[in-house]
>>> print(open('coords38.txt').read())   # compact mmCIF, C-alpha atoms and all ligand atoms
# COMPACT_ATOMS: atom_id res chain seq x y z
CA MET A 1 85.15 93.85 113.58
CA GLY A 2 85.67 90.14 114.10
CA LEU A 3 86.31 87.04 112.04
CA CYS A 4 85.03 86.31 108.56
CA GLN A 5 85.08 83.40 106.14
CA THR A 6 85.45 85.44 102.93
CA ALA A 7 87.65 88.44 102.23
CA PRO A 8 86.45 91.76 100.76
CA SER A 9 86.79 91.80 97.00
CA ALA A 10 87.06 95.42 95.92
CA CYS A 11 89.56 98.24 96.36
CA HIS A 12 88.30 101.42 97.88
CA LEU A 13 89.29 104.92 98.91
CA LYS A 14 89.25 105.57 102.63
CA ALA A 15 87.49 108.65 104.01
CA CYS A 16 90.82 110.55 104.01
CA GLY A 17 91.35 109.78 100.29
CA ALA A 18 94.06 107.13 100.86
CA GLN A 19 94.08 104.13 98.53
CA SER A 20 93.27 100.81 100.21
CA ASP A 21 94.16 98.00 97.84
CA VAL A 22 96.38 95.63 99.83
CA ALA A 23 95.50 92.24 101.29
CA VAL A 24 97.79 91.74 104.28
CA VAL A 25 98.63 88.09 105.04
CA ILE A 26 100.10 87.63 108.51
CA VAL A 27 102.06 84.41 108.87
CA ALA A 28 101.79 83.04 112.40
CA GLY A 29 101.81 79.32 111.74
CA GLY A 30 105.30 78.38 112.90
CA SER A 31 106.12 75.99 115.72
CA GLY A 32 108.57 78.48 117.22
CA GLU A 33 111.17 75.72 117.56
CA ARG A 34 114.06 78.17 117.94
CA PHE A 35 112.07 80.11 120.55
CA GLY A 36 111.45 76.93 122.50
CA ASP A 37 107.90 77.53 123.77
CA PRO A 38 105.54 74.54 123.32
CA ARG A 39 102.55 76.95 122.98
CA GLY A 40 103.97 78.12 119.63
CA LYS A 41 105.54 81.56 119.34
CA ALA A 42 102.59 83.46 117.87
CA LEU A 43 100.54 83.34 121.07
CA VAL A 44 103.33 84.10 123.52
CA PRO A 45 102.33 87.17 125.55
CA ILE A 46 104.59 90.19 125.07
CA ALA A 47 103.92 93.67 126.46
CA GLY A 48 100.41 92.60 127.43
CA ARG A 49 99.26 91.03 124.14
CA PRO A 50 99.88 87.82 122.20
CA LEU A 51 102.88 88.32 119.87
CA LEU A 52 100.87 88.19 116.62
CA ALA A 53 98.43 90.85 117.89
CA TRP A 54 101.00 93.61 117.33
CA SER A 55 101.33 92.88 113.61
CA LEU A 56 97.54 92.69 113.29
CA LEU A 57 97.12 96.09 114.97
CA ALA A 58 99.76 97.76 112.78
CA ALA A 59 98.40 96.25 109.54
CA ASP A 60 94.85 97.19 110.54
CA LYS A 61 95.91 100.80 111.05
CA ALA A 62 97.81 101.13 107.75
CA GLN A 63 95.99 103.30 105.17
CA SER A 64 96.82 100.83 102.38
CA THR A 65 95.14 97.83 104.02
CA LEU A 66 91.96 96.45 102.51
CA SER A 67 91.80 93.00 104.10
CA LEU A 68 93.52 90.91 106.77
CA THR A 69 94.31 87.20 106.61
CA LEU A 70 95.89 85.35 109.51
CA VAL A 71 97.66 82.06 108.85
CA CYS A 72 97.95 79.90 111.96
CA ARG A 73 98.43 76.33 113.15
CA PRO A 74 95.14 74.39 113.11
CA GLN A 75 95.53 73.66 116.83
CA ASP A 76 95.82 77.42 117.55
CA ARG A 77 92.58 78.36 115.76
CA LEU A 78 90.44 78.79 118.87
CA ALA A 79 93.07 80.81 120.71
CA MET A 80 93.53 82.96 117.57
CA VAL A 81 89.78 83.65 117.43
CA GLU A 82 89.94 84.86 121.03
CA ALA A 83 93.09 86.93 120.40
CA VAL A 84 91.52 88.63 117.36
CA ALA A 85 88.23 89.29 119.15
CA ALA A 86 90.09 91.15 121.91
CA LEU A 87 91.61 93.66 119.48
CA ASP A 88 88.66 95.72 118.19
CA LEU A 89 90.09 95.85 114.64
CA SER A 90 88.48 97.87 111.87
CA HIS A 91 88.96 95.09 109.26
CA PRO A 92 87.57 91.55 109.53
CA VAL A 93 90.16 88.80 109.79
CA MET A 94 90.09 85.63 107.69
CA LEU A 95 91.74 82.65 109.39
CA VAL A 96 93.65 80.12 107.26
CA ASP A 97 95.39 76.91 108.37
CA GLY A 98 99.16 77.00 107.82
CA GLY A 99 101.49 74.26 106.57
CA ALA A 100 104.68 72.61 107.76
CA THR A 101 106.99 75.47 106.70
CA ARG A 102 106.79 79.26 106.36
CA GLN A 103 106.72 78.81 102.59
CA GLU A 104 103.71 76.45 102.75
CA SER A 105 101.92 78.75 105.19
CA CYS A 106 102.47 81.80 102.97
CA GLN A 107 101.24 79.91 99.94
CA ALA A 108 98.11 78.78 101.83
CA GLY A 109 97.43 82.38 102.91
CA ILE A 110 97.93 84.09 99.58
CA MET A 111 95.82 81.51 97.70
CA CYS A 112 92.86 82.42 99.95
CA VAL A 113 93.02 86.15 99.16
CA SER A 114 90.27 87.45 96.88
CA PRO A 115 91.55 87.52 93.26
CA GLN A 116 90.16 91.05 92.90
CA ILE A 117 92.64 92.58 95.34
CA PRO A 118 95.65 93.91 93.35
CA PHE A 119 98.39 93.69 95.99
CA ILE A 120 99.36 91.18 98.67
CA SER A 121 101.65 92.04 101.55
CA VAL A 122 103.11 89.24 103.68
CA GLN A 123 103.99 90.05 107.27
CA ASP A 124 105.76 87.88 109.86
CA GLY A 125 103.55 87.47 112.92
CA ALA A 126 106.84 87.53 114.82
CA ARG A 127 107.74 91.14 113.87
CA PRO A 128 105.72 93.08 116.44
CA LEU A 129 107.54 96.39 115.95
CA THR A 130 106.53 96.88 112.29
CA THR A 131 104.65 100.19 112.04
CA PRO A 132 101.58 101.10 109.92
CA GLU A 133 103.83 103.59 108.09
CA THR A 134 106.12 100.74 106.96
CA PHE A 135 103.14 98.84 105.48
CA ASP A 136 102.19 102.01 103.60
CA ALA A 137 105.76 102.77 102.48
CA VAL A 138 106.22 99.43 100.66
CA ALA A 139 102.78 99.81 99.04
CA ARG A 140 103.68 103.32 97.79
CA ARG A 141 106.98 102.08 96.35
CA VAL A 142 105.28 99.45 94.16
CA ARG A 143 102.38 101.70 93.11
CA GLN A 144 104.81 104.36 91.86
CA ASP A 145 106.80 102.02 89.56
CA GLU A 146 105.00 99.73 87.16
CA ASN A 147 108.26 97.86 86.41
CA LEU A 148 108.34 96.48 89.94
CA ALA A 149 106.81 93.13 90.83
CA GLY A 150 107.09 94.00 94.50
CA ALA A 151 108.89 95.81 97.31
CA ILE A 152 110.07 94.64 100.69
CA ALA A 153 111.07 96.32 103.91
CA GLY A 154 114.75 95.97 104.70
CA TRP A 155 117.85 97.73 105.97
CA PRO A 156 121.43 97.91 104.62
CA VAL A 157 123.72 95.76 106.79
CA THR A 158 126.07 97.70 109.01
CA ASP A 159 128.28 94.84 110.28
CA THR A 160 131.01 93.24 108.19
CA ILE A 161 129.62 89.93 106.91
CA LYS A 162 131.76 86.77 106.74
CA ARG A 163 131.05 83.59 104.82
CA ALA A 164 132.25 80.67 106.97
CA HIS A 165 132.48 76.90 107.15
CA ASP A 166 132.65 75.11 110.51
CA GLY A 167 133.34 78.44 112.20
CA ILE A 168 136.31 79.27 109.96
CA ILE A 169 136.12 82.29 107.64
CA GLU A 170 136.12 81.49 103.94
CA SER A 171 135.61 85.04 102.66
CA THR A 172 134.45 88.55 103.52
CA GLN A 173 131.43 89.86 101.65
CA ASP A 174 131.19 93.31 100.08
CA ARG A 175 128.64 94.82 102.45
CA SER A 176 128.00 97.86 100.25
CA CYS A 177 125.41 95.83 98.36
CA LEU A 178 124.02 93.72 101.25
CA TRP A 179 120.68 94.29 102.96
CA SER A 180 118.85 92.56 105.75
CA ALA A 181 115.40 91.47 104.54
CA GLN A 182 112.42 92.24 106.80
CA THR A 183 108.66 92.13 106.37
CA PRO A 184 106.23 93.41 105.14
CA GLN A 185 106.97 92.07 101.65
CA LEU A 186 104.44 93.34 99.11
CA PHE A 187 103.80 92.13 95.55
CA ARG A 188 101.39 92.41 92.66
CA ALA A 189 99.00 89.63 93.63
CA PRO A 190 98.82 87.63 90.36
CA LEU A 191 102.65 87.59 90.13
CA LEU A 192 103.05 86.41 93.71
CA ARG A 193 100.52 83.61 93.26
CA GLU A 194 102.26 82.49 90.07
CA ALA A 195 105.69 82.70 91.72
CA TYR A 196 104.55 80.47 94.59
CA ARG A 197 103.03 77.97 92.14
CA GLN A 198 106.31 77.81 90.18
CA ALA A 199 108.39 77.50 93.35
CA ALA A 200 106.28 74.52 94.45
CA TYR A 201 106.51 72.96 90.99
CA HIS A 202 110.32 73.31 90.91
CA ARG A 203 110.62 72.29 94.59
CA LEU A 204 112.36 75.55 95.37
CA SER A 205 112.80 76.06 99.11
CA VAL A 206 112.92 79.71 100.26
CA THR A 207 113.02 81.68 103.50
CA ASP A 208 111.15 84.77 102.31
CA ASP A 209 108.52 85.77 99.74
CA ALA A 210 110.76 87.94 97.57
CA SER A 211 112.86 84.84 96.79
CA VAL A 212 110.08 83.15 94.82
CA VAL A 213 109.49 86.35 92.81
CA GLU A 214 113.24 86.86 92.25
CA ALA A 215 113.41 83.28 90.94
CA MET A 216 111.05 84.33 88.13
CA GLY A 217 113.55 87.05 87.15
CA LEU A 218 111.27 89.88 88.30
CA SER A 219 112.31 93.12 90.03
CA VAL A 220 111.70 93.62 93.72
CA ALA A 221 112.69 96.87 95.46
CA LEU A 222 114.07 97.29 98.96
CA VAL A 223 112.53 100.01 101.14
CA SER A 224 114.53 101.26 104.13
CA ALA A 225 111.46 102.35 106.06
CA GLN A 226 112.31 101.11 109.54
CA ARG A 227 115.72 100.25 110.98
CA ILE A 228 114.38 98.68 114.17
CA ASN A 229 111.97 96.02 112.92
CA PRO A 230 113.31 92.82 114.51
CA LYS A 231 111.90 89.32 114.39
CA LEU A 232 111.36 87.44 117.64
CA THR A 233 113.29 84.26 116.88
CA VAL A 234 115.15 83.12 120.00
CA PRO A 235 114.47 83.81 123.71
CA ASP A 236 117.23 86.45 123.80
CA ASP A 237 115.20 88.64 121.39
CA PHE A 238 112.33 88.90 123.88
CA ALA A 239 113.61 91.48 126.39
CA PHE A 240 114.66 94.05 123.78
CA ILE A 241 111.41 93.78 121.82
CA GLU A 242 109.25 93.94 124.93
CA ALA A 243 111.13 97.04 126.12
CA GLU A 244 110.60 98.71 122.71
CA LEU A 245 106.88 97.91 122.76
CA GLY A 246 106.66 99.29 126.30
CA ALA A 247 108.50 102.48 125.34
CA ARG A 248 106.15 102.96 122.39
CA SER A 249 103.01 102.60 124.46
CA LEU A 250 104.44 105.17 126.91
CA ARG A 251 104.81 107.52 123.92
CA GLY A 252 101.23 106.65 122.88
CA VAL A 253 102.40 105.01 119.61
CA CYS A 254 100.71 101.78 118.35
C1 LIG B 1 110.83 86.62 105.89
C2 LIG B 1 111.94 86.92 106.85
O1 LIG B 1 111.46 87.67 107.93
C3 LIG B 1 112.96 87.79 106.13
O2 LIG B 1 114.04 88.07 106.96
C4 LIG B 1 112.59 85.68 107.41
O3 LIG B 1 113.28 85.00 106.43
C5 LIG B 1 111.60 84.77 108.14
O4 LIG B 1 112.29 83.71 108.75
P1 LIG B 1 111.61 82.66 109.77
O5 LIG B 1 112.36 81.40 109.52
O6 LIG B 1 110.16 82.59 109.45
O7 LIG B 1 111.85 83.16 111.14
>>> encode(input="coords38.txt", output="structure tokens")
Amino acid sequence: MGLCQTAPSACHLKACGAQSDVAVVIVAGGSGERFGDPRGKALVPIAGRPLLAWSLLAADKAQSTLSLTLVCRPQDRLAMVEAVAALDLSHPVMLVDGGATRQESCQAGIMCVSPQIPFISVQDGARPLTTPETFDAVARRVRQDENLAGAIAGWPVTDTIKRAHDGIIESTQDRSCLWSAQTPQLFRAPLLREAYRQAAYHRLSVTDDASVVEAMGLSVALVSAQRINPKLTVPDDFAFIEAELGARSLRGVC
């Protein structure tokens, strides 16, 4: 399937009986400043595909996915259309123009999702190793607990973490309660929309989606689904991630 202007509006059961009720919003609208490629990070080729293609493929394959939205820079639109067309996805992809920051891009993406879809999952276009099983694991976690506003992928930190100022240690954190936040980050859709509205109103600046929901005092669970789920941020990340993608395709894994 290719590109569409409007998203599907109903939940449905897939042939295998799995519940598909999640709108996946893939954020690929950054300038990639820290990566240092003028083309923008999302379209950088890695293991034979543009970076953002790997997240699209994994989200498309997840049982929980009902629709796909791709947030990109307006100047990347044409290249994104070509990248999507090359993938032979089973869901149509809605393209949305991003904003100046990740927060603005996420807000733009989630506001375009059909109001009839109960869950929204936000995925970094720069996390190409996220598996379909991780998308499904965060969806299962929220569905099984009505007290949760959302659930995010993450992993408990294993290094000792220091708080520092100008390179000098101020304190050592208690790592027993520290996690590294990843994506996907999945939420009940009306709560996420409201949380983003409130964050904009209060000029709250955040680096992930859970933060806006936490700011409303709501509960978000952490799901340790996938230890190796890195984000391509700086050039040094490239070789490791490309090698992992290569190893997976040798094993026949998406
Ligand atoms: C959402 C995120 O992946 C959680 O770790 C991260 O904060 C995204 O950061 P970026 O500035 O968009 O690279």
>>> residues_near_ligand(input="coords38.txt", ligand="ligand LIG 1 (chain B)", cutoff="10 Å", atoms="all atoms listed in the file", output="PyMOL selection string")
chain A and resi 27-35+101-103+122-127+152-154+179-185+206-211+229-234
>>> closest_residue(input="coords38.txt", among="A:Ile117, A:Cys112, A:Leu78, A:Val71", to="Asp21 (chain A)", atoms="all atoms listed in the file")
A:Ile117
>>> closest_residue(input="coords38.txt", among="A:Leu148, A:Ala79, A:Phe187, A:Thr160", to="Gln173 (chain A)", atoms="only C-alpha atoms")
A:Thr160
>>> closest_residue(input="coords38.txt", among="A:Ala53, A:Ile110, A:Leu250, A:Val22", to="Pro128 (chain A)", atoms="all atoms listed in the file")
A:Ala53
>>> atom_distance(input="coords38.txt", atom1="CA of Tyr201 (chain A)", atom2="CA of Ala100 (chain A)")
16.9 Å
>>> closest_residue(input="coords38.txt", among="A:Arg175, A:Ser249, A:Gln107, A:Glu133", to="Val212 (chain A)", atoms="only C-alpha atoms")
A:Gln107
>>> closest_residue(input="coords38.txt", among="A:Leu192, A:Ala247, A:Ile228, A:Cys72", to="Leu52 (chain A)", atoms="all atoms listed in the file")
A:Cys72
>>> closest_residue(input="coords38.txt", among="A:Tyr196, A:Trp54, A:Phe135, A:Phe240", to="Ser224 (chain A)", atoms="only C-alpha atoms")
A:Phe135
>>> axis_aligned_box(input="coords38.txt", around="region 201-209 of chain A", padding_each_side="3 Å", output="lines of an AutoDock Vina configuration file")
center_x = 109.8
center_y = 79.0
center_z = 97.2
size_x = 12.5
size_y = 19.5
size_z = 18.6
